[in-house]
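Source file coords.txt; content: compact mmCIF, C-alpha atoms.
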# COMPACT_ATOMS: atom_id res chain seq x y z
CA MET A 1 36.57 -19.69 -31.72
CA ASP A 2 40.24 -19.72 -32.56
CA SER A 3 42.99 -21.92 -31.21
CA GLN A 4 44.06 -19.20 -28.74
CA ALA A 5 40.89 -19.75 -26.70
CA ILE A 6 41.87 -23.35 -25.99
CA ALA A 7 45.24 -22.38 -24.62
CA ILE A 8 43.88 -19.82 -22.17
CA PRO A 9 42.97 -22.17 -19.24
CA GLN A 10 46.74 -22.58 -18.70
CA ASN A 11 46.75 -19.14 -17.14
CA HIS A 12 44.33 -19.72 -14.31
CA GLY A 13 45.28 -23.36 -13.63
CA GLU A 14 47.25 -24.20 -10.52
CA VAL A 15 50.85 -24.32 -11.63
CA GLU A 16 52.00 -26.77 -8.92
CA HIS A 17 49.70 -29.49 -10.21
CA ALA A 18 50.11 -28.89 -13.89
CA HIS A 19 53.45 -30.54 -14.44
CA SER A 20 53.30 -34.09 -13.15
CA PRO A 21 54.17 -36.32 -16.11
CA HIS A 22 51.70 -38.91 -14.80
CA LEU A 23 48.71 -36.55 -14.76
CA HIS A 24 46.23 -37.33 -17.52
CA HIS A 25 44.89 -34.25 -19.23
CA HIS A 26 41.27 -34.77 -18.16
CA PHE A 27 42.08 -34.50 -14.47
CA ALA A 28 42.72 -31.20 -12.73
CA THR A 29 45.11 -32.54 -10.09
CA THR A 30 46.99 -35.78 -9.35
CA ASP A 31 44.94 -36.12 -6.14
CA GLN A 32 41.76 -36.01 -8.19
CA GLN A 33 43.18 -38.56 -10.61
CA ARG A 34 44.07 -40.86 -7.76
CA GLU A 35 40.66 -40.39 -6.18
CA ALA A 36 38.87 -41.25 -9.43
CA SER A 37 40.98 -44.36 -9.86
CA ASN A 38 40.33 -45.58 -6.30
CA PHE A 39 36.63 -44.86 -6.73
CA GLY A 40 36.57 -46.99 -9.88
CA MET A 41 38.36 -49.82 -8.12
CA TRP A 42 35.87 -49.72 -5.27
CA LEU A 43 32.96 -49.88 -7.71
CA PHE A 44 34.52 -53.03 -9.17
CA LEU A 45 34.95 -54.46 -5.67
CA LEU A 46 31.27 -53.76 -4.95
CA THR A 47 30.32 -55.97 -7.90
CA GLU A 48 32.64 -58.60 -6.43
CA ILE A 49 30.90 -58.27 -3.05
CA MET A 50 27.55 -58.91 -4.76
CA PHE A 51 29.04 -61.87 -6.67
CA PHE A 52 30.28 -63.54 -3.49
CA GLY A 53 27.17 -62.33 -1.62
CA GLY A 54 24.93 -64.48 -3.81
CA MET A 55 26.98 -67.58 -3.03
CA PHE A 56 27.02 -66.75 0.69
CA ALA A 57 23.21 -66.41 0.55
CA ALA A 58 22.95 -69.85 -1.09
CA TYR A 59 25.15 -71.28 1.65
CA LEU A 60 23.01 -69.75 4.43
CA ILE A 61 19.74 -70.98 2.90
CA TYR A 62 20.92 -74.55 2.31
CA ARG A 63 22.51 -74.63 5.74
CA ASN A 64 19.11 -73.70 7.17
CA TRP A 65 17.35 -76.40 5.14
CA TYR A 66 19.77 -79.31 5.55
CA TYR A 67 21.19 -78.33 8.91
CA PRO A 68 22.25 -81.83 10.15
CA ALA A 69 23.98 -82.52 6.83
CA PHE A 70 25.89 -79.22 7.00
CA VAL A 71 26.98 -79.92 10.58
CA ALA A 72 28.18 -83.41 9.66
CA GLY A 73 29.92 -82.15 6.51
CA SER A 74 31.80 -79.38 8.29
CA HIS A 75 33.10 -81.88 10.89
CA PHE A 76 35.40 -83.19 8.14
CA MET A 77 37.11 -79.84 7.59
CA ILE A 78 40.79 -79.78 8.56
CA ILE A 79 40.82 -77.09 11.23
CA TRP A 80 44.59 -76.63 11.43
CA ALA A 81 44.82 -76.16 7.64
CA GLY A 82 42.02 -73.57 7.66
CA THR A 83 43.60 -71.73 10.59
CA LEU A 84 47.01 -71.78 8.93
CA ASN A 85 45.55 -70.50 5.67
CA THR A 86 43.75 -67.67 7.48
CA THR A 87 47.05 -66.72 9.11
CA VAL A 88 48.89 -66.91 5.77
CA LEU A 89 46.33 -64.59 4.13
CA ILE A 90 46.41 -62.07 6.99
CA CYS A 91 50.23 -62.05 6.78
CA SER A 92 49.99 -61.49 3.01
CA SER A 93 47.57 -58.59 3.53
CA PHE A 94 50.07 -57.03 5.92
CA THR A 95 52.97 -57.48 3.49
CA MET A 96 50.82 -56.06 0.66
CA ALA A 97 49.98 -53.00 2.80
CA MET A 98 53.72 -52.58 3.44
CA GLY A 99 54.30 -52.87 -0.31
CA VAL A 100 51.90 -50.00 -0.98
CA TYR A 101 53.68 -48.03 1.73
CA SER A 102 57.08 -48.71 0.11
CA ALA A 103 55.76 -47.52 -3.26
CA GLU A 104 54.51 -44.42 -1.49
CA LEU A 105 58.04 -43.77 -0.18
CA ARG A 106 59.40 -44.54 -3.67
CA ASN A 107 61.60 -47.28 -2.26
CA ARG A 108 62.07 -49.76 -5.10
CA LYS A 109 63.97 -52.40 -3.12
CA ALA A 110 61.46 -52.45 -0.27
CA LEU A 111 58.58 -52.61 -2.74
CA LEU A 112 60.14 -55.61 -4.50
CA ARG A 113 60.81 -57.30 -1.16
CA TRP A 114 57.26 -56.88 0.16
CA LEU A 115 55.64 -57.88 -3.14
CA SER A 116 57.82 -61.00 -3.33
CA ILE A 117 56.85 -62.05 0.22
CA THR A 118 53.20 -61.45 -0.67
CA LEU A 119 53.63 -63.66 -3.74
CA LEU A 120 55.19 -66.47 -1.69
CA LEU A 121 52.36 -66.28 0.85
CA GLY A 122 49.84 -66.41 -2.02
CA PHE A 123 51.48 -69.60 -3.32
CA GLY A 124 51.54 -70.93 0.24
CA PHE A 125 47.79 -70.41 0.56
CA LEU A 126 47.11 -72.18 -2.74
CA GLY A 127 49.40 -75.07 -1.75
CA ILE A 128 47.60 -75.63 1.57
CA LYS A 129 44.25 -75.36 -0.21
CA ALA A 130 45.37 -77.94 -2.77
CA PHE A 131 46.40 -80.27 0.07
CA GLU A 132 42.91 -79.92 1.60
CA TRP A 133 41.19 -80.58 -1.72
CA HIS A 134 43.38 -83.63 -2.22
CA THR A 135 42.42 -84.93 1.24
CA GLU A 136 38.73 -84.46 0.40
CA TRP A 137 39.22 -86.35 -2.84
CA VAL A 138 40.87 -89.24 -0.98
CA GLU A 139 38.04 -89.28 1.58
CA HIS A 140 35.40 -89.44 -1.18
CA HIS A 141 33.93 -86.03 -0.37
CA VAL A 142 33.84 -84.54 -3.88
CA PRO A 143 30.21 -84.42 -5.12
CA GLY A 144 29.67 -85.54 -8.69
CA LEU A 145 33.15 -86.99 -9.12
CA ASN A 146 34.11 -89.00 -6.11
CA PHE A 147 31.48 -89.05 -3.38
CA SER A 148 30.40 -91.59 -0.82
CA ILE A 149 27.91 -91.10 2.03
CA ASP A 150 29.63 -93.78 4.14
CA ASP A 151 31.33 -91.24 6.41
CA PHE A 152 27.95 -89.75 7.28
CA THR A 153 25.86 -92.88 7.79
CA HIS A 154 28.38 -94.18 10.33
CA VAL A 155 29.63 -92.54 13.52
CA ASP A 156 32.92 -90.76 12.99
CA GLN A 157 35.45 -91.55 15.73
CA ARG A 158 36.40 -87.86 15.93
CA TYR A 159 32.81 -87.00 16.89
CA PRO A 160 31.66 -90.05 18.90
CA GLN A 161 28.65 -88.16 20.29
CA ASP A 162 27.27 -87.63 16.75
CA LYS A 163 24.38 -89.79 15.63
CA PRO A 164 24.70 -91.31 12.16
CA LEU A 165 22.54 -89.53 9.60
CA PRO A 166 19.64 -91.28 7.87
CA VAL A 167 20.46 -92.00 4.23
CA ASP A 168 18.31 -89.21 2.77
CA MET A 169 19.95 -86.57 4.99
CA ALA A 170 23.41 -88.10 4.45
CA GLU A 171 22.87 -87.54 0.71
CA LYS A 172 22.37 -83.85 1.47
CA THR A 173 25.96 -83.53 2.70
CA GLN A 174 26.63 -83.19 -1.03
CA ALA A 175 24.93 -79.79 -0.84
CA TYR A 176 27.46 -78.79 1.81
CA PHE A 177 30.44 -80.07 -0.14
CA SER A 178 29.18 -78.57 -3.43
CA LEU A 179 28.93 -75.15 -1.81
CA TYR A 180 32.28 -75.72 -0.09
CA PHE A 181 34.00 -76.44 -3.41
CA LEU A 182 32.15 -73.59 -5.15
CA LEU A 183 33.06 -70.99 -2.51
CA THR A 184 36.65 -72.09 -1.91
CA GLY A 185 37.10 -72.71 -5.65
CA VAL A 186 35.95 -69.25 -6.71
CA HIS A 187 38.03 -67.77 -3.90
CA ALA A 188 41.08 -69.76 -5.05
CA LEU A 189 40.44 -68.57 -8.62
CA HIS A 190 40.65 -65.01 -7.29
CA MET A 191 43.91 -65.96 -5.60
CA VAL A 192 45.29 -67.39 -8.86
CA ILE A 193 44.34 -64.17 -10.69
CA GLY A 194 45.87 -62.14 -7.85
CA VAL A 195 49.11 -64.13 -7.91
CA SER A 196 49.34 -63.73 -11.72
CA ILE A 197 48.90 -59.96 -11.49
CA LEU A 198 51.41 -59.91 -8.64
CA ILE A 199 54.03 -61.60 -10.84
CA PHE A 200 53.41 -58.94 -13.49
CA LEU A 201 53.71 -56.19 -10.85
CA ILE A 202 57.00 -57.58 -9.54
CA ILE A 203 58.47 -57.72 -13.06
CA THR A 204 57.41 -54.14 -13.83
CA ALA A 205 58.39 -52.89 -10.36
CA TRP A 206 61.87 -54.29 -11.04
CA GLY A 207 62.22 -51.64 -13.73
CA GLY A 208 61.06 -48.99 -11.27
CA ALA A 209 57.54 -48.59 -12.64
CA TYR A 210 55.80 -47.66 -9.38
CA THR A 211 58.47 -45.79 -7.50
CA THR A 212 58.51 -42.57 -9.50
CA GLY A 213 55.33 -41.14 -8.02
CA HIS A 214 52.67 -42.98 -10.02
CA MET A 215 51.52 -45.99 -8.03
CA THR A 216 47.80 -46.28 -8.75
CA LEU A 217 48.19 -49.83 -10.05
CA ILE A 218 49.94 -50.99 -6.88
CA GLU A 219 47.35 -49.24 -4.72
CA ASN A 220 44.37 -50.72 -6.59
CA PHE A 221 45.92 -54.18 -6.65
CA GLY A 222 46.35 -53.84 -2.87
CA LEU A 223 42.60 -53.19 -2.59
CA TYR A 224 41.90 -56.33 -4.63
CA TRP A 225 44.25 -58.44 -2.53
CA HIS A 226 42.72 -57.22 0.74
CA PHE A 227 39.25 -57.89 -0.65
CA VAL A 228 40.17 -61.53 -1.39
CA ASP A 229 41.48 -61.73 2.18
CA ILE A 230 38.14 -60.44 3.53
CA VAL A 231 36.21 -63.10 1.58
CA TRP A 232 38.36 -65.75 3.27
CA ILE A 233 37.83 -64.11 6.69
CA PHE A 234 34.12 -64.99 6.25
CA LEU A 235 34.59 -68.37 4.53
CA PHE A 236 36.77 -69.68 7.35
CA PRO A 237 34.20 -69.43 10.19
CA LEU A 238 31.23 -70.35 7.96
CA LEU A 239 32.76 -73.51 6.51
CA TYR A 240 35.12 -74.65 9.27
CA LEU A 241 34.11 -73.29 12.65
CA ILE A 242 30.46 -72.60 13.36
CA SER A 243 29.19 -76.19 13.42
CA ARG A 244 31.86 -77.84 15.52
CA HIS A 245 29.56 -78.37 18.47
CA GLN A 246 26.19 -79.20 16.99
CA MET B 1 34.99 -25.78 -14.84
CA SER B 2 34.00 -26.32 -11.21
CA GLU B 3 36.59 -26.71 -8.50
CA PRO B 4 38.01 -30.22 -8.27
CA THR B 5 37.11 -32.06 -5.06
CA HIS B 6 40.09 -31.79 -2.83
CA HIS B 7 41.19 -34.61 -0.62
CA THR B 8 44.71 -34.63 0.70
CA HIS B 9 46.33 -38.04 0.48
CA THR B 10 47.50 -39.54 3.77
CA VAL B 11 50.43 -41.95 4.04
CA VAL B 12 49.51 -44.51 6.70
CA PRO B 13 52.52 -45.20 8.98
CA PRO B 14 53.77 -48.84 9.22
CA LYS B 15 53.18 -48.78 12.98
CA ILE B 16 49.42 -48.70 12.31
CA TYR B 17 49.75 -51.65 9.90
CA GLY B 18 51.70 -53.56 12.55
CA ILE B 19 49.06 -52.96 15.22
CA ILE B 20 46.23 -54.01 12.88
CA PHE B 21 48.22 -57.08 11.77
CA GLY B 22 48.73 -58.16 15.40
CA THR B 23 45.06 -57.56 16.22
CA LEU B 24 43.93 -59.64 13.22
CA LEU B 25 46.16 -62.55 14.29
CA CYS B 26 44.79 -62.34 17.87
CA PHE B 27 41.21 -62.40 16.58
CA THR B 28 42.02 -65.43 14.39
CA ALA B 29 43.36 -67.30 17.43
CA LEU B 30 40.32 -66.18 19.43
CA THR B 31 37.78 -67.37 16.85
CA VAL B 32 39.44 -70.81 16.60
CA PHE B 33 39.56 -71.03 20.41
CA ALA B 34 35.90 -69.97 20.71
CA SER B 35 34.86 -72.68 18.24
CA TYR B 36 36.11 -75.31 20.70
CA LEU B 37 33.84 -73.97 23.47
CA GLU B 38 30.29 -75.15 23.86
CA LEU B 39 28.24 -71.98 23.35
CA GLY B 40 25.11 -73.29 21.63
CA VAL B 41 23.77 -70.81 19.08
CA PHE B 42 26.39 -68.31 20.22
CA ASN B 43 29.15 -70.32 18.53
CA ALA B 44 27.88 -68.96 15.21
CA VAL B 45 27.22 -65.48 16.62
CA VAL B 46 30.73 -65.17 18.10
CA ALA B 47 32.40 -66.50 14.92
CA ILE B 48 30.49 -64.10 12.63
CA ALA B 49 31.01 -61.15 15.01
CA ILE B 50 34.78 -61.75 15.04
CA ALA B 51 34.80 -62.08 11.24
CA VAL B 52 32.95 -58.75 10.92
CA ILE B 53 35.42 -57.02 13.26
CA LYS B 54 38.37 -58.41 11.28
CA ALA B 55 36.82 -57.36 7.95
CA VAL B 56 36.14 -53.84 9.26
CA LEU B 57 39.76 -53.52 10.45
CA VAL B 58 41.07 -54.62 7.04
CA ILE B 59 38.74 -52.21 5.23
CA LEU B 60 39.44 -49.21 7.45
CA PHE B 61 43.21 -49.53 7.74
CA PHE B 62 44.74 -51.89 5.14
CA MET B 63 42.34 -50.57 2.48
CA HIS B 64 42.78 -46.98 3.73
CA VAL B 65 39.06 -46.22 3.91
CA ARG B 66 39.51 -44.47 7.25
CA TYR B 67 41.89 -42.04 5.51
CA SER B 68 39.91 -41.76 2.28
CA SER B 69 37.53 -39.12 0.97
CA LYS B 70 33.85 -38.97 1.84
CA LEU B 71 33.08 -40.26 -1.67
CA THR B 72 35.02 -43.49 -1.04
CA LYS B 73 33.54 -43.90 2.44
CA LEU B 74 30.04 -43.47 1.08
CA THR B 75 30.69 -45.89 -1.78
CA VAL B 76 31.99 -48.63 0.54
CA ALA B 77 29.19 -48.10 3.07
CA ALA B 78 26.54 -48.15 0.32
CA GLY B 79 27.93 -51.41 -1.04
CA PHE B 80 27.84 -53.25 2.28
CA PHE B 81 24.47 -51.74 3.17
CA THR B 82 23.02 -53.05 -0.11
CA LEU B 83 24.54 -56.48 0.51
CA ILE B 84 22.99 -56.64 4.00
CA VAL B 85 19.59 -55.54 2.64
CA LEU B 86 19.69 -58.22 -0.07
CA LEU B 87 20.82 -60.98 2.31
CA THR B 88 18.23 -60.02 4.96
CA MET B 89 15.34 -59.89 2.51
CA THR B 90 16.32 -63.16 0.86
CA LEU B 91 16.72 -64.98 4.17
CA THR B 92 13.50 -63.47 5.57
CA ASP B 93 11.66 -64.88 2.59
CA TYR B 94 13.13 -68.35 2.93
CA ILE B 95 12.77 -68.53 6.71
CA SER B 96 9.20 -67.21 6.91
CA ARG B 97 7.59 -69.28 4.15
CA GLY B 98 6.57 -72.91 4.29
CA TRP B 99 8.66 -74.29 1.47
CA GLY B 100 7.46 -77.81 2.16
CA LEU B 101 9.58 -80.85 2.67
CA TRP B 102 13.21 -80.99 1.74
Take the structure from the file and write it as structure tokens.
Amino acid sequence: MDSQAIAIPQNHGEVEHAHSPHLHHHFATTDQQREASNFGMWLFLLTEIMFFGGMFAAYLIYRNWYYPAFVAGSHFMIIWAGTLNTTVLICSSFTMAMGVYSAELRNRKALLRWLSITLLLGFGFLGIKAFEWHTEWVEHHVPGLNFSIDDFTHVDQRYPQDKPLPVDMAEKTQAYFSLYFLLTGVHALHMVIGVSILIFLIITAWGGAYTTGHMTLIENFGLYWHFVDIVWIFLFPLLYLISRHQ
Amino acid sequence: MSEPTHHTHTVVPPKIYGIIFGTLLCFTALTVFASYLELGVFNAVVAIAIAVIKAVLVILFFMHVRYSSKLTKLTVAAGFFTLIVLLTMTLTDYISRGWGLW
């Protein structure tokens, strides 16, 4: 086989697709390249779903076992903060979607604007979350570090119809708070990683990196950001809402 | 070489994003409102149902799955299907066995 044989595929290739500077040589078209990249990102997100799925399963099982403790524990969640954080994340998903759209239109200014708003909302979420964690620390609700069962062996004035828990069940509120800190902590870690990548994206987008037709990174980061939003969409009702009346 | 799979890329208009955004905010308000009602076991059912609807909206529109290729749709569906299978089997095991005293 001589070197001529390697050059021949040029002749029957589709000319319109052959010249994008962003097309890697092992893909036939930019659409195929984009498709492969999105597919890879989704496979990563599936592993993330399984990762969070295991923790959700642990939550459901312990909730079933120590039901009164989980009800009592969740009564100490700050509803307005959780609601506000849900709203902040939904807003940030919308601004991220608009960012991807701006990259699609190759509008550098709009991309920078939407990414910056998304970044601010991400910091806002983490700030509100930090405030909640601080409140839980002050109220002695952090298992292992700063925990007291006093709030659960006495009737809380916010829930006067509640009966105080016996001491052994009151101890089990630590299972609730451990899972609460695990789930919200791992979620917040994903937010911190997301915010860090977002800062990198804003810096590179400033130089026009994603507005010349190659925006896979922005698109895949958008998928990640929306995924983190979805995790919170489930954490919010499970941790804050579903036990308000029991 | 075989023909590359061909899927034409769709640009989702901002109007769609706006509608989904508004719907998600409405559902958030609804789920908080519903948690203040006395619904018995249905408090949990309503909250989870609303969360599922919100997640599906995010996946289909913000994450573009509705406009994606069959490969992507199948991948996403397979992932959630597997998750539901694993959760169901795990919970079935824990709920149906006598695990003794806590």
Atomic distance CA of Leu121 in chain A - CA of Val88 in chain A, expressed in Å with one decimal: 6.1 Å
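Nearest residue to chain B among A:Met77, A:Met98, A:Val195, A:Ala69 is A:Met98, counting all atoms listed in the file.
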Spatial neighbours of Ala55 in chain B, 7 Å, only C-alpha atoms, chain gap at least 3 places, as a PyMOL selection string: (chain A and resi 230+233) or (chain B and resi 51-52+58-59)
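Put simply, CA of Glu171 in chain A is 16.8 Å away from CA of Trp137 in chain A.
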Distance-based interface of chain A with chain B, 8 Å, counting all atoms listed in the file, as a PyMOL selection string: chain A and resi 28-29+31-32+35+38-39+42-43+46+49-50+53+57+60-61+65-66+83+86-87+90-91+93-94+97-98+101+104+222-223+226+230+233-234+237-238+241-246
Output for the residues just chosen: C-alpha atoms as a PDB file, in the frame of the given file:
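Output file again13.pdb follows:
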ATOM      1  CA  ALA A  28      42.720 -31.200 -12.730  1.00  0.00           C
ATOM      2  CA  THR A  29      45.110 -32.540 -10.090  1.00  0.00           C
ATOM      3  CA  ASP A  31      44.940 -36.120  -6.140  1.00  0.00           C
ATOM      4  CA  GLN A  32      41.760 -36.010  -8.190  1.00  0.00           C
ATOM      5  CA  GLU A  35      40.660 -40.390  -6.180  1.00  0.00           C
ATOM      6  CA  ASN A  38      40.330 -45.580  -6.300  1.00  0.00           C
ATOM      7  CA  PHE A  39      36.630 -44.860  -6.730  1.00  0.00           C
ATOM      8  CA  TRP A  42      35.870 -49.720  -5.270  1.00  0.00           C
ATOM      9  CA  LEU A  43      32.960 -49.880  -7.710  1.00  0.00           C
ATOM     10  CA  LEU A  46      31.270 -53.760  -4.950  1.00  0.00           C
ATOM     11  CA  ILE A  49      30.900 -58.270  -3.050  1.00  0.00           C
ATOM     12  CA  MET A  50      27.550 -58.910  -4.760  1.00  0.00           C
ATOM     13  CA  GLY A  53      27.170 -62.330  -1.620  1.00  0.00           C
ATOM     14  CA  ALA A  57      23.210 -66.410   0.550  1.00  0.00           C
ATOM     15  CA  LEU A  60      23.010 -69.750   4.430  1.00  0.00           C
ATOM     16  CA  ILE A  61      19.740 -70.980   2.900  1.00  0.00           C
ATOM     17  CA  TRP A  65      17.350 -76.400   5.140  1.00  0.00           C
ATOM     18  CA  TYR A  66      19.770 -79.310   5.550  1.00  0.00           C
ATOM     19  CA  THR A  83      43.600 -71.730  10.590  1.00  0.00           C
ATOM     20  CA  THR A  86      43.750 -67.670   7.480  1.00  0.00           C
ATOM     21  CA  THR A  87      47.050 -66.720   9.110  1.00  0.00           C
ATOM     22  CA  ILE A  90      46.410 -62.070   6.990  1.00  0.00           C
ATOM     23  CA  CYS A  91      50.230 -62.050   6.780  1.00  0.00           C
ATOM     24  CA  SER A  93      47.570 -58.590   3.530  1.00  0.00           C
ATOM     25  CA  PHE A  94      50.070 -57.030   5.920  1.00  0.00           C
ATOM     26  CA  ALA A  97      49.980 -53.000   2.800  1.00  0.00           C
ATOM     27  CA  MET A  98      53.720 -52.580   3.440  1.00  0.00           C
ATOM     28  CA  TYR A 101      53.680 -48.030   1.730  1.00  0.00           C
ATOM     29  CA  GLU A 104      54.510 -44.420  -1.490  1.00  0.00           C
ATOM     30  CA  GLY A 222      46.350 -53.840  -2.870  1.00  0.00           C
ATOM     31  CA  LEU A 223      42.600 -53.190  -2.590  1.00  0.00           C
ATOM     32  CA  HIS A 226      42.720 -57.220   0.740  1.00  0.00           C
ATOM     33  CA  ILE A 230      38.140 -60.440   3.530  1.00  0.00           C
ATOM     34  CA  ILE A 233      37.830 -64.110   6.690  1.00  0.00           C
ATOM     35  CA  PHE A 234      34.120 -64.990   6.250  1.00  0.00           C
ATOM     36  CA  PRO A 237      34.200 -69.430  10.190  1.00  0.00           C
ATOM     37  CA  LEU A 238      31.230 -70.350   7.960  1.00  0.00           C
ATOM     38  CA  LEU A 241      34.110 -73.290  12.650  1.00  0.00           C
ATOM     39  CA  ILE A 242      30.460 -72.600  13.360  1.00  0.00           C
ATOM     40  CA  SER A 243      29.190 -76.190  13.420  1.00  0.00           C
ATOM     41  CA  ARG A 244      31.860 -77.840  15.520  1.00  0.00           C
ATOM     42  CA  HIS A 245      29.560 -78.370  18.470  1.00  0.00           C
ATOM     43  CA  GLN A 246      26.190 -79.200  16.990  1.00  0.00           C
TER      44      GLN A 246
END
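Picture a line from CA of Ala188 in chain A to CA of Gly124 in chain A; it runs 11.8 Å.
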